[in-house]
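Accompanying notes for the structure given below.
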Amino acid sequence: MLVQLAAPSHLVDPCLLALQPVGLLRTQVAEVARIGGRDAVVALGSSLSRLSFSPALYLLEGADDTEALALRWRALEFAWGVEHLTAFSRESPRSVRLASLPFDGRRPSGPQRWMICGAVLGLLRAQGYRDVSMDLDDGESIRISWSHGPTRTSPRLRLSEATEGAVAQVVASLEAAPEADWTPRLLATATHQSLRTLNRRFQSRGETIGVMQRRLRIRSATLAIAQTQRSFTEVAHETGFSDAAHLSRSFRAASGMTPSEYRRVARRR
């Protein structure tokens, strides 16, 4: 369901959509809660860790420990202007408690808290924490605990759940030169297939070559912004954007943050 929320453009970070209590999502989560209860909403939140194309998830997966995760999580919430901020409090070396702070005197709904809890559970499991579990022992906060962890792994900015065969060759070409002025015909020639076959393969995926190219450019820019100190003008030219302003507009539309905001969050350890 969460991946489908990004379906109209394939360019918006699904985490941005999922963690903001906007009308469409609130309705969908409430329906999940009505049918499956708390566990179903937690499972929905946990699926965030498997999303493709998520600059926010890349930042969160790169946190060294739960303290760094909390700092980055809160920084994202501030950058996105979400209604309810999440409070993390470390209870022991192997547990943390989550609580949503009221906004304008209003407390978040149960499904909203369960959704956030599920997202944190999924992140910790993806980072190699073992025996991760939650304990909803009162109505306002949730305790998450684990037995061991984390097993450090490098975060990766996923692009797609399935890039195999000829499509993978197209992705490799676009990744190798994101700044190039690729056309479908040039890509078809570079990957040794006909233009008709190339278009058919992308149509079966439900997206266009143009959307894939824009998504890859944003992905390349995301990595450069997070991992380097290069100027945004340099990043723009290296990743296929006309200038820093073009990069900023495109990146903000996709991630909910300006390149400067994203780089500041990435520096939090």
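Going by the structure tokens order, chains are called A, B, ..., each with residues numbered from 1, while ligands are numbered from 1 in the order shown.
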
Handout entry: Spatial neighbours of A:Ala244, max dist 7 Å, only C-alpha atoms, sep filter under 5 positions, as a ChimeraX atom specification
Key = /A:232-233,236

Problem - Spatial neighbours of A:Leu186, max dist 12 Å, only C-alpha atoms, sep filter under 5 positions, as an NGL selection string - result: :A and (170 or 173-174 or 180-181 or 191-195 or 198 or 209)

Exercise for the section: Have a look at A:Val167, A:Glu179, A:Gly36, A:Leu124 and name the one nearest to A:Ser204; count only C-alpha atoms. Expected result: A:Val167

For the interface of stretch 28-141 of chain A with stretch 154-157 of chain A (cut-off 7 Å, counting only C-alpha atoms), please tabulate each contacting residue of stretch 28-141 of chain A alongside its nearest pair of atoms and their separation in Å to one decimal, rows sorted by chain and increasing number, as a tab-separated table.
```
residue	atom	partner	partner_atom	distance
A:Phe53	CA	A:Leu157	CA	6.3
A:Ser54	CA	A:Leu157	CA	6.6
A:Pro55	CA	A:Leu157	CA	6.7
A:Tyr58	CA	A:Leu157	CA	5.5
A:Glu61	CA	A:Pro155	CA	5.3
A:Gly62	CA	A:Pro155	CA	5.3
```

Problem - Those in stretch 18-227 of chain A with alpha helix (DSSP H) from DSSP, as a count of residues only - result: 113

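One finds atom CA of A:Ile218 at 26.8 Å from atom CA of A:Glu83.
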
Exercise for the section: Write down as a list of chain:residue names the residues belonging to stretch 23-265 of chain A that are assigned strand (DSSP E or B) by DSSP computed on the backbone. Expected result: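 Selection result, strand (DSSP E or B) within stretch 23-265 of chain A: A:Thr86, A:Ala87, A:Phe88, A:Ser89, A:Arg90, A:Glu91, A:Ser92, A:Ser95, A:Val96, A:Arg97, A:Leu98, A:Ala99, A:Ser100, A:Phe103, A:Arg106, A:Arg130, A:Ser133, A:Met134, A:Asp135, A:Ser141, A:Ile142, A:Arg143, A:Ile144, A:Ser145, A:His148.
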
Could you save the residues just selected, with C-alpha atoms, as a tab-separated table (two decimals), in the first residue's frame?
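Result file follows (part-v2.tsv):
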```tsv
chain	number	residue	atom	x	y	z
A	86	THR	CA	8.24	11.75	18.01
A	87	ALA	CA	10.04	11.64	21.37
A	88	PHE	CA	12.73	8.96	21.79
A	89	SER	CA	13.94	8.14	25.30
A	90	ARG	CA	16.61	5.50	25.95
A	91	GLU	CA	15.48	3.25	28.82
A	92	SER	CA	18.37	0.79	28.81
A	95	SER	CA	15.45	-0.61	24.77
A	96	VAL	CA	13.98	2.70	23.75
A	97	ARG	CA	10.58	4.27	24.39
A	98	LEU	CA	8.66	6.20	21.74
A	99	ALA	CA	5.98	8.79	22.42
A	100	SER	CA	4.27	11.27	20.11
A	103	PHE	CA	0.38	19.23	18.50
A	106	ARG	CA	-4.21	17.38	20.27
A	130	ARG	CA	17.94	-9.13	16.77
A	133	SER	CA	9.82	-6.46	19.86
A	134	MET	CA	7.43	-3.83	21.14
A	135	ASP	CA	5.48	-3.45	24.35
A	141	SER	CA	4.01	5.41	24.69
A	142	ILE	CA	5.53	2.29	23.17
A	143	ARG	CA	8.61	0.45	24.36
A	144	ILE	CA	10.87	-1.20	21.76
A	145	SER	CA	13.50	-3.65	22.89
A	148	HIS	CA	21.58	-7.87	20.21
```

Name the residues in contact with A:Ala43 at a cut-off of 9 Å, using only C-alpha atoms, excluding same-chain residues fewer than 3 positions from it; report them as a tab-separated table (two decimals) with all heavy atoms, in the first residue's frame.
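File produced: out_9.tsv:
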```tsv
chain	number	residue	atom	x	y	z
A	38	ARG	N	-4.22	-3.27	15.64
A	38	ARG	CA	-2.90	-2.66	15.85
A	38	ARG	C	-1.80	-3.39	15.11
A	38	ARG	O	-0.93	-2.77	14.50
A	38	ARG	CB	-2.58	-2.64	17.35
A	38	ARG	CG	-1.27	-1.92	17.69
A	38	ARG	CD	-0.90	-2.14	19.14
A	38	ARG	NE	-0.51	-3.53	19.36
A	38	ARG	CZ	-0.30	-4.06	20.57
A	38	ARG	NH1	-0.51	-3.33	21.65
A	38	ARG	NH2	0.08	-5.31	20.69
A	39	ASP	N	-1.80	-4.72	15.15
A	39	ASP	CA	-0.71	-5.48	14.54
A	39	ASP	C	-0.62	-5.23	13.04
A	39	ASP	O	0.47	-5.18	12.46
A	39	ASP	CB	-0.88	-6.97	14.80
A	39	ASP	CG	-0.64	-7.33	16.26
A	39	ASP	OD1	-0.09	-6.47	16.99
A	39	ASP	OD2	-1.00	-8.44	16.67
A	40	ALA	N	-1.77	-5.04	12.38
A	40	ALA	CA	-1.77	-4.79	10.95
A	40	ALA	C	-1.15	-3.43	10.63
A	40	ALA	O	-0.42	-3.28	9.65
A	40	ALA	CB	-3.19	-4.87	10.41
A	46	SER	N	6.21	-1.26	9.36
A	46	SER	CA	7.46	-2.01	9.19
A	46	SER	C	7.85	-2.15	7.73
A	46	SER	O	9.04	-2.26	7.40
A	46	SER	CB	7.32	-3.40	9.83
A	46	SER	OG	7.13	-3.31	11.23
A	47	SER	N	6.87	-2.16	6.85
A	47	SER	CA	7.17	-2.33	5.43
A	47	SER	C	7.92	-1.14	4.84
A	47	SER	O	8.46	-1.22	3.74
A	47	SER	CB	5.88	-2.58	4.65
A	47	SER	OG	5.06	-1.42	4.61
A	115	MET	N	1.80	3.23	13.54
A	115	MET	CA	2.48	3.34	12.26
A	115	MET	C	3.94	3.72	12.47
A	115	MET	O	4.86	3.13	11.88
A	115	MET	CB	1.77	4.39	11.41
A	115	MET	CG	2.36	4.58	10.04
A	115	MET	SD	1.84	3.30	8.90
A	115	MET	CE	2.35	4.04	7.36
A	118	GLY	N	5.88	0.86	14.01
A	118	GLY	CA	6.21	-0.15	13.01
A	118	GLY	C	7.38	0.26	12.14
A	118	GLY	O	8.24	-0.55	11.80
A	119	ALA	N	7.43	1.55	11.78
A	119	ALA	CA	8.54	2.03	10.95
A	119	ALA	C	9.87	1.89	11.69
A	119	ALA	O	10.87	1.47	11.11
A	119	ALA	CB	8.31	3.49	10.57
A	122	GLY	N	10.88	-1.82	11.80
A	122	GLY	CA	11.44	-2.25	10.52
A	122	GLY	C	12.85	-1.75	10.31
A	122	GLY	O	13.71	-2.48	9.80
```

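Nearest residue to A:Ala79 among A:Arg219, A:Arg107, A:Arg205, A:Arg264 is A:Arg264, counting only C-alpha atoms.
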
Practice task
Show which residues sit within 10 Å of A:Arg214, as a PyMOL selection string. Count only C-alpha atoms, and ignore same-chain residues fewer than 2 positions away.
Solution key: chain A and resi 10-11+174+178+209-212+216-220+239-241+250

Problem - Pairwise distance for atom CA of A:Leu187 and atom CA of A:Ala168, rounded to one decimal in Å - result: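 Computing the Euclidean distance for atom CA of A:Leu187 and atom CA of A:Ala168 yields 11.7 Å.
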
Problem - Computed interatomic separation between atom CA of A:Phe202 and atom CA of A:His237 (Å) - result: 26.7 Å
